[in-house]
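**Student:** The structure follows.
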Amino acid sequence: MPWSKELQDSWQQQQKIKDDLKDCTVCNCPITQEEYDEYKMCPWCYSQSVFDPDIENIFVPPNC
């Protein structure tokens, strides 16, 4: 069954959106370029992370 023009356009648009997203460095969920540039992780992982300024490490709880 050939794809209709509408289905092809829809597929192309979904692929473009997917290609524009980055992956969270912690949980690999899709995030926007802005979130990636600012935090390198999704808002949920960022809110759950604890920053230790002395060690400069990010500790993420196991439920992430």
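Scheme for the structure tokens: letters A, B, ... for chains in order shown; per-chain residue numbers from 1; ligand numbers from 1 in order shown.
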Report as a count of residues only all protein, DNA and RNA residues lying within 12 Å of Thr25 in chain A, evaluated on only C-alpha atoms, omitting residues in the same chain fewer than 6 positions from it.
**Tutor:** 15
**Student:** Can you list, as a compact mmCIF listing (two decimals) with C-alpha atoms, in the first residue's frame, every protein, DNA or RNA residue that comes within 12 Å of range 4-19 of chain A when you count only C-alpha atoms, leaving out same-chain residues fewer than 5 positions away?
**Tutor:**
# COMPACT_ATOMS: atom_id res chain seq x y z
CA CYS A 29 15.09 11.15 27.14
CA PRO A 30 14.66 13.71 24.33
CA ILE A 31 15.29 17.34 25.27
CA THR A 32 15.34 20.60 23.34
CA GLN A 33 18.52 22.28 22.18
